[in-house]
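K.L.:
Structure supplied as final-v8.txt; contents: compact mmCIF, C-alpha atoms.
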```txt
# COMPACT_ATOMS: atom_id res chain seq x y z
CA MET I 141 51.39 -86.74 81.28
CA SER I 142 49.82 -83.36 80.46
CA GLN I 143 46.08 -83.00 80.48
CA ASN I 144 44.30 -81.89 77.29
CA PRO I 145 42.42 -78.60 77.46
CA GLU I 146 38.67 -78.92 77.42
CA ALA I 147 36.69 -78.47 74.24
CA THR I 148 34.54 -75.35 74.19
CA ARG I 149 31.37 -74.59 72.25
CA TYR I 150 30.64 -71.01 71.21
CA ARG I 151 27.52 -69.38 69.80
CA TRP I 152 28.13 -66.40 67.53
CA SER I 153 24.95 -64.78 68.84
CA GLU I 154 26.32 -64.83 72.40
CA LEU I 155 29.77 -63.40 71.65
CA ALA I 156 30.64 -59.73 72.10
CA THR I 157 30.44 -57.63 68.95
CA ASP I 158 32.91 -54.89 68.15
CA SER I 159 32.92 -52.37 65.34
CA PRO I 160 36.50 -51.30 64.56
CA MET I 161 35.28 -49.19 61.61
CA ASP I 162 32.08 -47.88 60.06
CA LEU I 163 29.81 -50.41 58.35
CA LEU I 164 31.62 -53.39 59.89
CA GLU I 165 30.77 -55.59 62.89
CA ARG I 166 32.67 -58.65 64.03
CA ARG I 167 32.68 -61.39 66.64
CA ARG I 168 35.80 -63.41 67.40
CA VAL I 169 36.85 -66.71 68.91
CA ILE I 170 40.53 -66.66 69.83
CA GLY I 171 42.37 -69.94 70.38
CA ALA I 172 45.98 -70.90 71.00
CA GLN I 173 46.90 -71.46 67.33
CA ALA I 174 44.17 -69.72 65.31
CA MET I 175 41.43 -67.10 65.49
CA LEU I 176 38.00 -67.08 63.82
CA SER I 177 36.19 -63.85 63.09
CA SER I 178 32.58 -63.63 61.93
CA VAL I 179 32.45 -60.32 60.07
CA ASP I 180 29.43 -58.46 58.71
CA LEU I 181 30.30 -55.77 56.17
CA ARG I 182 27.56 -53.47 54.92
CA LYS I 183 27.56 -52.50 51.24
CA GLY I 184 30.17 -49.80 50.70
CA CYS I 185 32.36 -50.77 53.66
CA ALA I 186 35.92 -50.02 52.56
CA VAL I 187 38.71 -51.67 54.53
CA PRO I 188 41.87 -49.69 53.69
CA THR I 189 45.06 -51.34 52.49
CA HIS I 190 46.96 -52.95 55.32
CA ALA I 191 49.20 -55.95 55.97
CA HIS I 192 49.78 -58.17 58.99
CA GLU I 193 51.98 -61.02 60.07
CA ASN I 194 48.97 -63.36 60.34
CA GLU I 195 48.11 -65.78 57.57
CA GLN I 196 44.45 -65.12 56.68
CA PHE I 197 41.69 -67.07 54.95
CA THR I 198 38.51 -65.12 54.13
CA CYS I 199 35.53 -67.42 53.47
CA VAL I 200 32.66 -65.50 51.88
CA LEU I 201 29.44 -67.01 53.23
CA ARG I 202 27.12 -64.39 51.71
CA GLY I 203 27.69 -61.38 49.47
CA ARG I 204 30.72 -60.20 47.51
CA LEU I 205 34.02 -58.45 48.28
CA ARG I 206 36.49 -56.74 45.96
CA PHE I 207 40.01 -57.29 47.25
CA GLY I 208 42.85 -54.96 46.33
CA LEU I 209 46.04 -57.01 46.40
CA GLY I 210 49.53 -55.52 46.62
CA ALA I 211 50.84 -52.16 47.74
CA GLU I 212 48.82 -49.07 46.80
CA GLY I 213 50.19 -47.46 43.63
CA SER I 214 52.52 -50.35 42.81
CA ALA I 215 52.67 -52.02 39.41
CA GLU I 216 51.79 -55.30 41.13
CA ARG I 217 48.49 -53.97 42.56
CA ARG I 218 45.45 -55.87 41.24
CA GLU I 219 41.81 -56.39 42.13
CA MET I 220 39.92 -59.63 42.59
CA ASP I 221 36.25 -60.15 43.35
CA VAL I 222 35.40 -62.97 45.77
CA GLY I 223 31.82 -64.13 46.19
CA GLU I 224 29.65 -66.55 48.10
CA GLY I 225 31.23 -69.99 48.36
CA GLU I 226 34.73 -68.72 47.59
CA VAL I 227 37.82 -68.32 49.79
CA MET I 228 40.62 -65.75 49.54
CA HIS I 229 43.96 -66.90 51.00
CA LEU I 230 46.26 -64.07 52.10
CA PRO I 231 49.79 -65.14 53.07
CA PRO I 232 51.52 -63.18 55.87
CA ASN I 233 52.51 -59.57 55.12
CA VAL I 234 50.61 -59.29 51.80
CA PRO I 235 49.13 -55.78 51.49
CA HIS I 236 45.38 -55.98 50.88
CA SER I 237 42.17 -53.99 51.03
CA ALA I 238 38.52 -54.97 50.73
CA LEU I 239 35.37 -53.27 49.48
CA ALA I 240 31.92 -54.75 50.18
CA LEU I 241 30.11 -54.68 46.84
CA GLU I 242 26.93 -55.73 48.66
CA ASP I 243 26.02 -56.65 52.23
CA THR I 244 28.53 -59.40 52.96
CA TRP I 245 29.15 -61.95 55.72
CA VAL I 246 32.56 -63.60 55.97
CA LEU I 247 34.35 -65.99 58.25
CA ASP I 248 37.99 -64.94 58.61
CA VAL I 249 40.56 -67.42 59.89
CA PHE I 250 43.83 -65.97 61.20
CA SER I 251 46.96 -67.81 62.30
CA PRO I 252 48.59 -67.07 64.60
CA PRO I 253 45.81 -65.41 66.60
CA SER I 254 46.15 -61.83 67.78
CA GLU I 255 43.94 -59.40 69.66
CA GLY I 256 44.56 -56.75 67.04
CA THR I 257 44.66 -57.44 63.31
CA GLY I 258 45.64 -55.08 60.51
CA ILE I 259 42.22 -53.43 60.54
CA ASP I 260 42.66 -52.51 64.21
CA ARG I 261 46.07 -50.96 63.59
CA VAL I 262 44.79 -49.01 60.54
CA HIS I 263 42.11 -47.45 62.76
CA GLY I 264 44.38 -46.90 65.78
CA ARG I 265 42.81 -49.53 68.05
```
Step by step, read the file and then write its structure as structure tokens.

P.N.:
Amino acid sequence: MSQNPEATRYRWSELATDSPMDLLERRRVIGAQAMLSSVDLRKGCAVPTHAHENEQFTCVLRGRLRFGLGAEGSAERREMDVGEGEVMHLPPNVPHSALALEDTWVLDVFSPPSEGTGIDRVHGR
């Protein structure tokens, strides 16, 4: 019989912060099946269009983001604003961008987890 891994409690305030781009800070908890990222985006933070194999849920806890959905310059490209109390679901490999319309705090959920997400690859990290 295999033994279950132990449950772990994390405090966002005690986790390392990284800043993969200007006006953005994040903290992450990486598990075996999913990854949580607490992300602070300052007003004007523009995450360029990217795509990744991870499924992503972006839960807006405070503020407002404008998502660009679809490939840049394509006929399918559209914008959608997502505000406090709303969730954007991004299936794997969907091109997307984000613009912080105001100071915004989100909780991103990625599955499967990965050390580097699309934002890291866009910025060469």

K.L.:
Expressed in Å to a single decimal, how great is the separation between atom CA of I:Glu193 and atom CA of I:Glu219?

P.N.:
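Computed distance, atom CA of I:Glu193 to atom CA of I:Glu219, equals 21.1 Å.
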
K.L.:
Compute the distance from (43.8, -62.3, 56.7) to each atom, counting only C-alpha atoms, keep the residues with any atom at most 9 Å away, and return them as a PyMOL selection string; use the coordinates of the file.

P.N.:
chain I and resi 191-198+228-232+234+236+248-251+257-258

K.L.:
Near I:Pro253, counting only C-alpha atoms, which residues have an atom at most 8 Å away, once you skip same-chain residues fewer than 4 positions from it, shown as a VMD selection string?

P.N.:
chain I and resid 170 to 175 194

K.L.:
Could you work out an axis-aligned bounding box for all listed atoms of stretch 182-191 of chain I, with 8 Å added on each of the six sides, and give its centre and edge lengths in Å to one decimal, as AutoDock Vina command-line options?

P.N.:
```
--center_x 38.4 --center_y -52.8 --center_z 53.3 --size_x 37.6 --size_y 22.3 --size_z 21.3
```

K.L.:
Give me, as a list in words, all polymer residues having an atom no more than 7 Å from I:Leu239, counting all atoms listed in the file and skipping those fewer than 4 positions away in the same chain.

P.N.:
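Close residues of I:Leu239: Gly184, Cys185, Ala186, Val187, Leu205, Arg206 and Phe207 of chain I.
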